[in-house]
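> So I've got this file, start.cif, and it contains mmCIF, C-alpha atoms and all ligand atoms:
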data_run
loop_
_atom_site.label_atom_id
_atom_site.label_comp_id
_atom_site.auth_asym_id
_atom_site.auth_seq_id
_atom_site.Cartn_x
_atom_site.Cartn_y
_atom_site.Cartn_z
CA GLY A 63 17.99 -1.57 35.61
CA GLY A 64 21.14 -3.62 35.02
CA VAL A 65 24.43 -2.54 33.51
CA ILE A 66 25.83 -4.18 30.38
CA PRO A 67 29.59 -3.57 30.33
CA PHE A 68 30.65 -1.22 27.54
CA HIS A 69 34.20 -2.60 27.19
CA GLY A 70 35.03 -6.08 25.97
CA ALA A 71 36.19 -8.27 23.09
CA HIS A 72 33.05 -7.38 21.13
CA GLN A 73 30.87 -4.29 21.08
CA ALA A 74 27.89 -4.60 23.39
CA GLY A 75 24.49 -4.58 21.68
CA ILE A 76 25.17 -7.43 19.26
CA ALA A 77 25.23 -10.74 21.12
CA THR A 78 24.21 -9.25 24.49
CA PRO A 79 20.57 -9.88 25.57
CA VAL A 80 18.12 -7.81 23.54
CA GLN A 81 16.55 -4.88 25.41
CA ASP A 82 12.99 -3.62 24.91
CA ARG A 83 13.65 -0.32 23.15
CA LEU A 84 15.71 1.05 20.31
CA HIS A 85 16.85 4.42 19.07
CA PHE A 86 18.88 3.98 15.91
CA ALA A 87 20.56 6.98 14.28
CA ALA A 88 22.55 7.32 11.05
CA PHE A 89 24.88 10.32 10.74
CA ASP A 90 26.56 12.12 7.86
CA LEU A 91 30.01 13.53 8.45
CA SER A 92 30.45 17.21 7.77
CA THR A 93 34.25 16.94 7.55
CA ASP A 94 36.84 15.01 5.51
CA SER A 95 39.35 15.11 8.33
CA PRO A 96 40.10 11.77 10.02
CA GLU A 97 41.57 13.69 12.97
CA LYS A 98 38.31 15.54 13.56
CA VAL A 99 36.33 12.31 13.30
CA ALA A 100 38.72 10.57 15.69
CA ALA A 101 38.25 13.39 18.19
CA MET A 102 34.48 13.00 17.95
CA LEU A 103 34.64 9.23 18.38
CA LYS A 104 36.90 9.68 21.39
CA ALA A 105 34.41 12.07 22.97
CA TRP A 106 31.53 9.73 22.03
CA THR A 107 33.29 6.82 23.69
CA ALA A 108 33.88 8.74 26.91
CA ALA A 109 30.19 9.71 26.98
CA ALA A 110 29.13 6.13 26.17
CA VAL A 111 31.18 4.77 29.06
CA GLN A 112 29.42 7.21 31.38
CA MET A 113 25.90 6.75 30.03
CA THR A 114 26.01 2.94 29.93
CA SER A 115 26.85 2.98 33.64
CA ALA A 116 24.09 5.51 34.51
CA GLN A 117 26.47 8.43 34.99
CA GLU A 118 25.86 11.85 33.55
CA VAL A 119 27.93 12.94 30.56
CA GLY A 120 31.05 15.06 31.15
CA ARG A 121 30.69 17.24 34.24
CA GLY A 122 27.02 16.37 34.39
CA ALA A 123 23.68 18.06 33.89
CA THR A 124 24.22 20.73 36.54
CA GLY A 125 27.90 21.70 36.31
CA ALA A 126 28.92 25.31 35.78
CA ALA A 127 25.93 27.67 35.94
CA LEU A 128 27.08 29.94 33.12
CA ALA A 129 27.68 27.24 30.48
CA PRO A 130 25.22 24.91 28.75
CA PRO A 131 25.27 21.66 30.77
CA ASP A 132 27.43 18.78 29.45
CA ASP A 133 24.50 16.39 29.94
CA THR A 134 21.00 17.24 28.72
CA GLY A 135 19.54 15.94 31.99
CA GLU A 136 16.51 13.85 31.08
CA ALA A 137 18.11 10.65 32.37
CA ILE A 138 18.91 12.04 35.83
CA GLY A 139 17.87 9.44 38.39
CA LEU A 140 17.13 6.74 35.84
CA PRO A 141 19.00 3.42 36.07
CA ALA A 142 21.33 2.28 33.26
CA SER A 143 18.43 0.18 31.91
CA ARG A 144 20.93 -2.17 30.19
CA LEU A 145 21.85 0.62 27.77
CA THR A 146 24.16 -0.49 24.96
CA LEU A 147 25.65 1.74 22.27
CA THR A 148 26.97 0.11 19.13
CA VAL A 149 28.75 2.00 16.35
CA GLY A 150 29.25 1.14 12.68
CA PHE A 151 30.72 2.80 9.59
CA GLY A 152 28.97 2.89 6.21
CA PRO A 153 30.83 2.49 2.88
CA SER A 154 30.72 6.28 2.39
CA PHE A 155 32.66 6.78 5.65
CA PHE A 156 35.73 5.20 4.09
CA ASP A 157 35.44 7.14 0.84
CA ARG A 158 35.00 10.47 2.56
CA LEU A 159 37.97 9.97 4.88
CA LYS A 160 40.07 8.25 2.16
CA LEU A 161 40.50 5.12 4.24
CA PRO A 162 40.65 1.63 2.71
CA ARG A 163 37.31 -0.15 2.80
CA PRO A 164 37.25 -3.74 4.07
CA ALA A 165 37.46 -6.04 1.02
CA GLY A 166 34.10 -6.34 -0.73
CA PHE A 167 32.35 -3.87 1.58
CA GLU A 168 29.95 -1.80 -0.51
CA GLU A 169 26.38 -0.54 -0.59
CA LEU A 170 23.83 -3.35 -0.73
CA PRO A 171 22.62 -4.37 -4.19
CA ARG A 172 19.11 -3.37 -5.18
CA PHE A 173 16.60 -6.11 -4.37
CA ARG A 174 13.40 -6.81 -6.20
CA GLY A 175 10.51 -4.88 -4.65
CA ASP A 176 12.71 -2.36 -2.83
CA ARG A 177 11.20 1.10 -2.53
CA LEU A 178 13.94 2.78 -0.60
CA ASP A 179 13.64 6.37 0.54
CA PRO A 180 17.11 8.00 0.36
CA ALA A 181 16.11 10.15 3.34
CA ARG A 182 15.81 6.97 5.43
CA SER A 183 18.84 5.18 4.00
CA GLY A 184 22.62 5.18 4.18
CA GLY A 185 24.75 7.34 6.43
CA ASP A 186 28.49 7.52 7.15
CA VAL A 187 28.20 6.42 10.78
CA CYS A 188 25.44 4.64 12.67
CA VAL A 189 24.68 4.35 16.35
CA GLN A 190 22.38 1.65 17.66
CA ALA A 191 21.16 2.57 21.15
CA CYS A 192 19.19 -0.14 22.95
CA ALA A 193 17.81 0.06 26.48
CA ASP A 194 14.87 -1.15 28.52
CA ASP A 195 13.68 2.45 28.93
CA PRO A 196 13.03 4.56 25.81
CA GLN A 197 14.04 7.73 27.64
CA VAL A 198 17.48 6.24 28.33
CA ALA A 199 17.99 5.25 24.66
CA VAL A 200 16.81 8.63 23.36
CA HIS A 201 18.93 10.48 25.92
CA ALA A 202 21.99 8.57 24.75
CA VAL A 203 21.52 9.39 21.06
CA ARG A 204 20.65 12.99 21.83
CA ASN A 205 23.85 13.49 23.80
CA LEU A 206 25.98 11.92 21.07
CA VAL A 207 24.30 14.20 18.51
CA ARG A 208 25.10 17.16 20.69
CA ILE A 209 28.75 16.14 21.11
CA GLY A 210 29.04 15.51 17.36
CA PHE A 211 27.81 18.99 16.42
CA GLY A 212 30.15 20.41 13.76
CA THR A 213 31.55 16.98 12.83
CA ALA A 214 28.49 14.84 12.14
CA SER A 215 24.78 15.49 11.79
CA VAL A 216 21.82 13.14 11.92
CA ARG A 217 20.75 11.91 8.49
CA TRP A 218 17.85 9.78 9.71
CA SER A 219 16.80 7.95 12.82
CA GLN A 220 14.34 5.31 13.91
CA LEU A 221 12.67 4.51 17.22
CA GLY A 222 11.71 0.91 17.92
CA PHE A 223 9.84 -0.99 20.60
CA GLY A 224 8.99 -4.57 21.47
CA LYS A 225 12.15 -6.34 20.37
CA THR A 226 11.21 -8.76 17.60
CA SER A 227 14.22 -11.02 17.96
CA SER A 228 15.44 -12.60 21.12
CA THR A 229 18.94 -13.95 21.70
CA THR A 230 17.80 -15.67 24.91
CA PRO A 231 15.96 -18.84 23.86
CA GLU A 232 14.97 -19.69 27.44
CA ALA A 233 12.86 -16.52 27.66
CA GLN A 234 9.45 -16.17 26.00
CA THR A 235 9.90 -15.32 22.33
CA PRO A 236 8.54 -11.85 21.54
CA ARG A 237 5.98 -11.29 18.77
CA ASN A 238 6.15 -8.92 15.84
CA LEU A 239 3.26 -6.70 14.69
CA MET A 240 1.88 -9.54 12.57
CA GLY A 241 1.31 -11.41 15.81
CA PHE A 242 3.88 -14.14 15.16
CA LYS A 243 6.72 -15.12 17.46
CA ASP A 244 9.88 -13.70 15.97
CA GLY A 245 13.39 -14.87 16.77
CA THR A 246 12.65 -18.53 17.51
CA ASN A 247 15.43 -19.74 15.25
CA ASN A 248 17.92 -17.02 16.06
CA ILE A 249 21.51 -17.36 17.22
CA ALA A 250 21.57 -17.59 21.02
CA ALA A 251 23.96 -15.23 22.81
CA THR A 252 25.51 -18.26 24.51
CA ASP A 253 26.24 -20.12 21.26
CA ARG A 254 29.94 -19.21 20.92
CA LYS A 255 30.47 -21.52 17.96
CA LYS A 256 27.68 -20.03 15.87
CA LEU A 257 28.72 -16.51 16.82
CA ASP A 258 32.31 -17.21 15.76
CA ASP A 259 31.22 -18.91 12.54
CA HIS A 260 28.49 -16.51 11.44
CA VAL A 261 28.65 -13.20 13.32
CA TRP A 262 32.18 -12.10 14.30
CA VAL A 263 34.62 -11.09 11.59
CA GLY A 264 37.79 -13.17 11.88
CA ASP A 265 41.28 -13.09 10.35
CA GLU A 266 39.80 -12.45 6.92
CA GLY A 267 39.01 -8.86 7.91
CA PRO A 268 41.25 -5.88 8.67
CA GLN A 269 42.58 -5.81 12.21
CA TRP A 270 40.17 -3.11 13.45
CA LEU A 271 37.18 -5.16 12.29
CA ARG A 272 38.15 -8.49 13.90
CA GLY A 273 35.65 -9.36 16.59
CA GLY A 274 33.31 -6.89 14.92
CA SER A 275 30.46 -7.55 12.52
CA TYR A 276 28.58 -6.22 9.51
CA LEU A 277 25.20 -4.70 10.29
CA VAL A 278 22.27 -4.47 7.88
CA ALA A 279 19.36 -2.20 8.81
CA ARG A 280 16.12 -2.28 6.83
CA ARG A 281 13.00 -0.30 7.55
CA ILE A 282 10.27 -2.72 6.49
CA ARG A 283 6.78 -1.30 6.30
CA MET A 284 3.94 -3.74 6.94
CA HIS A 285 0.61 -3.38 5.18
CA ILE A 286 -1.09 -4.02 8.48
CA GLU A 287 -4.65 -3.36 7.26
CA THR A 288 -4.40 -5.93 4.46
CA TRP A 289 -2.75 -8.42 6.77
CA ASP A 290 -5.57 -8.03 9.29
CA ARG A 291 -8.07 -9.09 6.61
CA THR A 292 -6.16 -12.28 5.82
CA SER A 293 -7.35 -15.62 7.16
CA LEU A 294 -5.44 -17.33 9.94
CA LYS A 295 -4.69 -20.26 7.63
CA GLU A 296 -3.14 -18.01 5.02
CA GLN A 297 -1.15 -16.12 7.68
CA GLU A 298 0.27 -19.40 8.99
CA ASP A 299 1.01 -20.68 5.47
CA ILE A 300 2.99 -17.52 4.76
CA PHE A 301 5.43 -18.26 7.58
CA GLY A 302 5.16 -22.05 7.70
CA ARG A 303 4.63 -21.79 11.44
CA THR A 304 1.53 -21.70 13.63
CA LYS A 305 0.48 -18.38 15.13
CA ARG A 306 -0.18 -19.17 18.81
CA GLU A 307 2.56 -21.72 19.49
CA GLY A 308 4.99 -20.77 16.73
CA ALA A 309 5.51 -24.44 15.86
CA PRO A 310 6.95 -25.20 12.42
CA TYR A 311 4.65 -27.14 10.09
CA GLY A 312 5.35 -30.82 10.72
CA GLY A 313 6.06 -30.16 14.42
CA THR A 314 3.96 -29.31 17.47
CA ARG A 315 6.16 -27.11 19.70
CA GLU A 316 7.86 -23.81 19.01
CA HIS A 317 11.39 -25.13 19.28
CA ASP A 318 10.82 -28.31 17.27
CA PRO A 319 13.35 -28.48 14.46
CA VAL A 320 12.34 -27.02 11.11
CA ALA A 321 12.11 -29.66 8.37
CA VAL A 322 12.04 -27.35 5.36
CA GLU A 323 10.33 -29.86 3.06
CA LYS A 324 7.29 -29.84 5.39
CA LEU A 325 6.78 -26.07 4.99
CA PRO A 326 4.90 -24.45 2.07
CA ALA A 327 7.25 -23.97 -0.88
CA ASP A 328 7.41 -20.16 -0.81
CA SER A 329 6.89 -19.67 2.92
CA HIS A 330 9.12 -17.17 4.70
CA VAL A 331 10.74 -19.58 7.13
CA ARG A 332 11.41 -22.20 4.47
CA LEU A 333 13.12 -19.69 2.16
CA ALA A 334 15.14 -18.06 4.97
CA HIS A 335 16.18 -21.28 6.70
CA PRO A 336 19.89 -22.23 6.52
CA ASP A 337 18.99 -25.64 5.00
CA SER A 338 17.53 -23.87 1.94
CA LEU A 339 20.58 -21.64 1.53
CA GLY A 340 23.63 -23.82 2.02
CA GLY A 341 24.01 -22.95 5.70
CA VAL A 342 23.68 -19.15 5.49
CA THR A 343 22.95 -17.81 9.01
CA ILE A 344 22.51 -14.33 10.53
CA LEU A 345 21.90 -12.86 13.96
CA ARG A 346 18.62 -10.90 13.94
CA ARG A 347 18.04 -8.05 16.41
CA GLY A 348 15.10 -6.10 15.03
CA TYR A 349 12.35 -3.99 16.61
CA SER A 350 8.77 -3.09 15.79
CA PHE A 351 7.94 0.49 14.91
CA THR A 352 4.76 2.55 14.61
CA ASP A 353 5.38 6.08 13.41
CA GLY A 354 1.84 7.38 13.45
CA THR A 355 -0.21 7.25 10.25
CA ASP A 356 0.68 7.87 6.63
CA GLY A 357 -1.95 10.48 5.75
CA LEU A 358 -4.03 7.85 3.93
CA GLY A 359 -5.46 6.48 7.15
CA ARG A 360 -3.00 3.61 7.33
CA LEU A 361 -0.62 2.93 10.18
CA ASP A 362 3.01 3.63 9.29
CA ALA A 363 4.10 0.49 11.08
CA GLY A 364 6.40 -2.44 10.54
CA LEU A 365 9.65 -4.08 11.44
CA PHE A 366 12.93 -2.24 11.77
CA PHE A 367 15.04 -5.22 10.79
CA LEU A 368 18.59 -5.36 12.14
CA ALA A 369 20.92 -8.24 11.36
CA TYR A 370 24.56 -8.90 12.17
CA GLN A 371 26.81 -11.17 10.14
CA ARG A 372 30.42 -12.02 9.52
CA ASP A 373 30.12 -11.81 5.72
CA LEU A 374 27.31 -10.00 3.89
CA ASN A 375 27.61 -12.41 0.98
CA LYS A 376 27.04 -15.33 3.33
CA GLY A 377 24.38 -13.50 5.30
CA PHE A 378 21.76 -10.90 4.45
CA ILE A 379 22.40 -10.70 0.70
CA PRO A 380 21.63 -14.32 -0.29
CA ILE A 381 18.72 -14.52 2.16
CA GLN A 382 17.15 -11.31 0.90
CA ARG A 383 17.69 -12.38 -2.74
CA ALA A 384 15.75 -15.58 -2.03
CA LEU A 385 13.02 -13.75 -0.12
CA ALA A 386 12.68 -10.92 -2.67
CA ALA A 387 12.22 -13.46 -5.47
CA LYS A 388 9.23 -15.30 -4.05
CA ASP A 389 8.48 -14.94 -0.33
CA LEU A 390 4.69 -15.14 0.20
CA LEU A 391 5.17 -12.39 2.78
CA ASN A 392 6.07 -9.85 0.08
CA GLU A 393 2.42 -9.08 -0.56
CA TYR A 394 2.22 -7.63 2.95
CA ILE A 395 5.55 -5.82 3.35
CA GLN A 396 7.77 -3.31 1.61
CA HIS A 397 11.39 -2.38 2.29
CA VAL A 398 11.48 1.43 2.49
CA GLY A 399 14.81 2.20 4.16
CA SER A 400 18.24 0.57 4.18
CA GLY A 401 21.74 0.86 5.57
CA VAL A 402 24.85 -1.27 5.81
CA TYR A 403 27.67 -0.68 8.28
CA ALA A 404 30.94 -2.26 9.35
CA CYS A 405 30.97 -2.37 13.15
CA PRO A 406 34.45 -2.49 14.67
CA GLY A 407 35.47 -5.03 17.29
CA GLY A 408 35.09 -4.37 20.99
CA VAL A 409 36.50 -1.29 22.67
CA ALA A 410 39.26 -1.93 25.24
CA SER A 411 39.37 0.21 28.35
CA GLY A 412 41.31 3.40 27.53
CA SER A 413 40.70 3.05 23.79
CA TYR A 414 37.90 4.53 21.70
CA TRP A 415 35.55 3.57 18.86
CA GLY A 416 37.51 3.25 15.62
CA GLU A 417 40.93 4.02 17.16
CA ALA A 418 42.60 1.15 15.30
CA LEU A 419 41.07 2.32 12.00
CA LEU A 420 41.79 6.03 12.28
C1 LIG B 1 12.20 -16.26 10.61
C2 LIG B 1 8.99 -12.66 10.41
C3 LIG B 1 11.88 -10.19 7.40
C4 LIG B 1 15.22 -13.65 7.86
C5 LIG B 1 11.07 -15.52 10.79
C6 LIG B 1 9.92 -15.93 11.57
C7 LIG B 1 9.03 -14.92 11.51
C8 LIG B 1 9.60 -13.87 10.70
C9 LIG B 1 7.67 -14.85 12.18
C10 LIG B 1 9.75 -17.27 12.30
C11 LIG B 1 10.28 -17.31 13.69
C12 LIG B 1 11.78 -17.28 13.80
O1 LIG B 1 12.46 -18.29 13.61
O2 LIG B 1 12.29 -16.21 14.10
C13 LIG B 1 9.49 -11.69 9.55
C14 LIG B 1 8.79 -10.48 9.20
C15 LIG B 1 9.61 -9.78 8.34
C16 LIG B 1 10.82 -10.56 8.18
C17 LIG B 1 7.41 -10.09 9.68
C18 LIG B 1 9.39 -8.47 7.64
C19 LIG B 1 8.53 -7.55 8.04
C20 LIG B 1 13.04 -10.92 7.24
C21 LIG B 1 14.18 -10.52 6.45
C22 LIG B 1 15.12 -11.49 6.59
C23 LIG B 1 14.57 -12.52 7.46
C24 LIG B 1 14.29 -9.23 5.63
C25 LIG B 1 16.51 -11.59 6.01
C26 LIG B 1 16.84 -11.14 4.81
C27 LIG B 1 14.69 -14.64 8.65
C28 LIG B 1 15.44 -15.82 9.07
C29 LIG B 1 14.55 -16.58 9.85
C30 LIG B 1 13.31 -15.84 9.91
C31 LIG B 1 16.88 -16.14 8.74
C32 LIG B 1 14.86 -17.93 10.53
C33 LIG B 1 14.61 -19.07 9.60
C34 LIG B 1 14.97 -20.38 10.29
O3 LIG B 1 16.16 -20.62 10.49
O4 LIG B 1 14.06 -21.14 10.65
N1 LIG B 1 10.84 -14.27 10.27
N2 LIG B 1 10.71 -11.70 8.94
N3 LIG B 1 13.31 -12.14 7.84
N4 LIG B 1 13.43 -14.68 9.18
FE1 LIG B 1 12.05 -13.23 9.01
#
Show this structure as structure tokens.
Ligand code: HEM


Amino acid sequence: GGVIPFHGAHQAGIATPVQDRLHFAAFDLSTDSPEKVAAMLKAWTAAAVQMTSAQEVGRGATGAALAPPDDTGEAIGLPASRLTLTVGFGPSFFDRLKLPRPAGFEELPRFRGDRLDPARSGGDVCVQACADDPQVAVHAVRNLVRIGFGTASVRWSQLGFGKTSSTTPEAQTPRNLMGFKDGTNNIAATDRKKLDDHVWVGDEGPQWLRGGSYLVARRIRMHIETWDRTSLKEQEDIFGRTKREGAPYGGTREHDPVAVEKLPADSHVRLAHPDSLGGVTILRRGYSFTDGTDGLGRLDAGLFFLAYQRDLNKGFIPIQRALAAKDLLNEYIQHVGSGVYACPGGVASGSYWGEALL
């Protein structure tokens, strides 16, 4: 039921410990006015400060009897559940508001095998809500949607469960829906050097983005039924790690170092490993999803992949190019949604999301 502080040098929800549940929402602006957007972000920030410390929004869920309540009420009595709210701005945000984009910040290139649904992609603004209780995460997004009425509307959203990437290496590594430990070789929240080198934007970025990060979101569908008919040996060869222990080929324990030359040539971990890509490194923070069935009797399930990086061209883009070209995993997955967002640095007490930009 803990509280993760909202204010700080960096936005919470990036390097802070990963919670169990996700509600991610992408919004489209319905205005071209930076003043209107600033007013919304100010109101969002005030609500975020309250919700992340388990307070009700505004004057609460039971304020004046003759007005609709400021807070929708379904989180009354629930603890903060480590709620974090993280905001980012898509390339279209800057165009719509006629603000300068950070240098080189644009929509992601098309990757081989992509089958992106525009209705699950893009968006001017994104909010990543993570909490240990799904009701707390959903309550948070719902109240921001309500506050944003008239300025922004939801374009698409995604619920996630069972974090697939840990930033706490001492804890047990969670497993994704393919049954493999996911997040073994991730950046630890305590690794300041790696975070500074690979996650936080530095002096190269505009002032409002320093201490912030670029976020890539990908809705990756898994062909679960085909996967479940694949032999254990083939499953392990696809990742280059064992299923139960998560040990890299050539090693015996999960956290043994990866020697890329000992992994199958086109295995996922070999292709994605920094040693195969000149040091390219990202912070992964994804979640599993299962959105019912697809009408053909198959589960609509997979990985909602979230990754933070200092520079997209030294992060997601080169990794995904390498994976799209030949990853053995491609037979079992398909990227069906996508978004890219510039997430500003941390919010100081008394300030609000995006104040330095707007
Ligand atoms: C590692 C699964 C998509 C980047 C791993 C590992 C698993 C895994 C099981 C090994 C454990 C670990 O170190 O975390 C998956 C699944 C995916 C997927 C099931 C899709 C459904 C992606 C994508 C990217 C990516 C789209 C980036 C473009 C990485 C990286 C590593 C990794 C960087 C660590 C490699 C290392 O340093 O050893 N993934 N992954 N993965 N994956 Fe993925």

> Between CA of Val119 in chain A and CA of Pro406 in chain A, what is the distance in Å, rounded to a tenth?

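Computed distance, CA of Val119 in chain A to CA of Pro406 in chain A, equals 23.1 Å.
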
> Please identify every polymer residue within 8 Å of ligand LIG 1 (chain B), using all atoms listed in the file, and present the set as a PyMOL selection string.

chain A and resi 227+237-240+242-248+280+282-284+301+303+308+320+330-337+343-346+364-367+369+377-383+385+391+395-396

> From the options A:Tyr311, A:Trp289, A:Phe151, A:Tyr370, which residue's atoms come nearest to Asp258 in chain A, counting only C-alpha atoms?

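Among the listed residues, the smallest separation from Asp258 in chain A belongs to A:Tyr370.
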
> Please list as JSON, numbers by chain every residue within 7 Å of range 262-271 of chain A, counting only C-alpha atoms and excluding residues in the same chain fewer than 2 positions away.

{"A": [164, 257, 258, 260, 273, 274, 275, 371, 372, 405, 406, 407, 418, 419]}

> Could you please take those selected residues and save C-alpha atoms as a tab-separated table (two decimals), keeping the file's coordinate frame?


chain	number	residue	atom	x	y	z
A	164	PRO	CA	37.25	-3.74	4.07
A	257	LEU	CA	28.72	-16.51	16.82
A	258	ASP	CA	32.31	-17.21	15.76
A	260	HIS	CA	28.49	-16.51	11.44
A	273	GLY	CA	35.65	-9.36	16.59
A	274	GLY	CA	33.31	-6.89	14.92
A	275	SER	CA	30.46	-7.55	12.52
A	371	GLN	CA	26.81	-11.17	10.14
A	372	ARG	CA	30.42	-12.02	9.52
A	405	CYS	CA	30.97	-2.37	13.15
A	406	PRO	CA	34.45	-2.49	14.67
A	407	GLY	CA	35.47	-5.03	17.29
A	418	ALA	CA	42.60	1.15	15.30
A	419	LEU	CA	41.07	2.32	12.00

> Go ahead and compute the interatomic distance for CA of Ala110 in chain A and CA of Arg217 in chain A, in Å to one decimal.

20.4 Å

> What separation in Å, quoted to one decimal, exists between CA of Gly166 in chain A and CA of Tyr414 in chain A?

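Computing the Euclidean distance for CA of Gly166 in chain A and CA of Tyr414 in chain A yields 25.2 Å.
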
> May I have the residues within 10 Å of Cys188 in chain A as a ChimeraX atom specification, using all atoms listed in the file and disregarding those fewer than 3 positions away in the same chain?

/A:86-90,148-152,184-185,191,216-219,277,279,401-405

> Find, counting all atoms listed in the file, the residue in A:Gln81, A:Thr124, A:Thr107, A:Gln112 that gets nearest to Pro196 in chain A.

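Answer, going by the shortest atom-to-atom distance: A:Gln81.
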
> Tell me which of A:Gln234, A:Ser92, A:Gln73, A:Thr78 sits closest to Gly210 in chain A, counting all atoms listed in the file.

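Checking each of A:Gln234, A:Ser92, A:Gln73, A:Thr78 against Gly210 in chain A, counting all atoms listed in the file, the winner is A:Ser92.
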
> Can you pull out the residues contacting Gly75 in chain A? Cut-off 10 Å, using all atoms listed in the file, and skip same-chain residues under 3 positions away; I want them as a PyMOL selection string.

chain A and resi 66+68+72+78-81+144-149+190-193+347

> Which is closer to Ile209 in chain A than all the others in A:Lys255, A:Lys104, A:Arg272, A:Arg281, using all atoms listed in the file?

A:Lys104

> Let me make sure I understand: among A:Ala142, A:Ala387, A:Ala165, A:Val99, which one has the smallest atom-to-atom distance to Asp194 in chain A if we use all atoms listed in the file?

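Among the listed residues, the smallest separation from Asp194 in chain A belongs to A:Ala142.
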
> A:Val278, A:Gly340, A:Val200, A:Gly348: which is nearest Pro236 in chain A, counting all atoms listed in the file?

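Using all atoms listed in the file, the shortest distance to Pro236 in chain A belongs to A:Gly348.
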
> Might you pull out every residue within 6 Å of Asp82 in chain A, with all atoms listed in the file counted and same-chain residues fewer than 2 positions away left off, and present them as a list in words?

Asp194, Phe223, Gly224 and Lys225 of chain A

> For Pro319 in chain A, work out the shell of residues within 10 Å, counting only C-alpha atoms and skipping chain neighbours fewer than 4 positions away, then give it as a list in words.

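Listed by chain and then number, they are Asn247, Ala309, Pro310, Tyr311, Gly312, Gly313, Thr314 and Arg315 of chain A.
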
> Can you patch up range 288-299 of chain A, filling it in to N, CA, C and O atoms, and show the result as a compact mmCIF listing (two decimals), in the coordinates of the input?


# COMPACT_ATOMS: atom_id res chain seq x y z
N THR A 288 -4.16 -4.79 5.35
CA THR A 288 -4.40 -5.93 4.46
C THR A 288 -4.15 -7.23 5.23
O THR A 288 -4.91 -8.19 5.12
N TRP A 289 -3.09 -7.25 5.97
CA TRP A 289 -2.75 -8.42 6.77
C TRP A 289 -3.91 -8.80 7.70
O TRP A 289 -4.25 -9.98 7.86
N ASP A 290 -4.51 -7.78 8.31
CA ASP A 290 -5.57 -8.03 9.29
C ASP A 290 -6.84 -8.58 8.64
O ASP A 290 -7.75 -9.02 9.34
N ARG A 291 -6.91 -8.53 7.30
CA ARG A 291 -8.07 -9.09 6.61
C ARG A 291 -7.74 -10.43 5.98
O ARG A 291 -8.48 -10.94 5.14
N THR A 292 -6.61 -11.00 6.37
CA THR A 292 -6.16 -12.28 5.82
C THR A 292 -6.51 -13.39 6.79
O THR A 292 -6.38 -13.21 8.00
N SER A 293 -6.95 -14.53 6.27
CA SER A 293 -7.35 -15.62 7.16
C SER A 293 -6.17 -16.17 7.96
O SER A 293 -5.01 -16.05 7.53
N LEU A 294 -6.48 -16.74 9.09
CA LEU A 294 -5.44 -17.33 9.94
C LEU A 294 -4.64 -18.37 9.16
O LEU A 294 -3.42 -18.42 9.23
N LYS A 295 -5.35 -19.20 8.40
CA LYS A 295 -4.69 -20.26 7.63
C LYS A 295 -3.66 -19.67 6.66
O LYS A 295 -2.52 -20.13 6.57
N GLU A 296 -4.09 -18.61 5.97
CA GLU A 296 -3.14 -18.01 5.02
C GLU A 296 -1.96 -17.37 5.76
O GLU A 296 -0.81 -17.49 5.34
N GLN A 297 -2.24 -16.72 6.89
CA GLN A 297 -1.15 -16.12 7.68
C GLN A 297 -0.13 -17.19 8.08
O GLN A 297 1.09 -17.00 7.96
N GLU A 298 -0.64 -18.34 8.54
CA GLU A 298 0.27 -19.40 8.99
C GLU A 298 1.03 -20.00 7.80
O GLU A 298 2.22 -20.31 7.90
N ASP A 299 0.34 -20.14 6.67
CA ASP A 299 1.01 -20.68 5.47
C ASP A 299 2.15 -19.77 5.01
O ASP A 299 3.15 -20.23 4.46
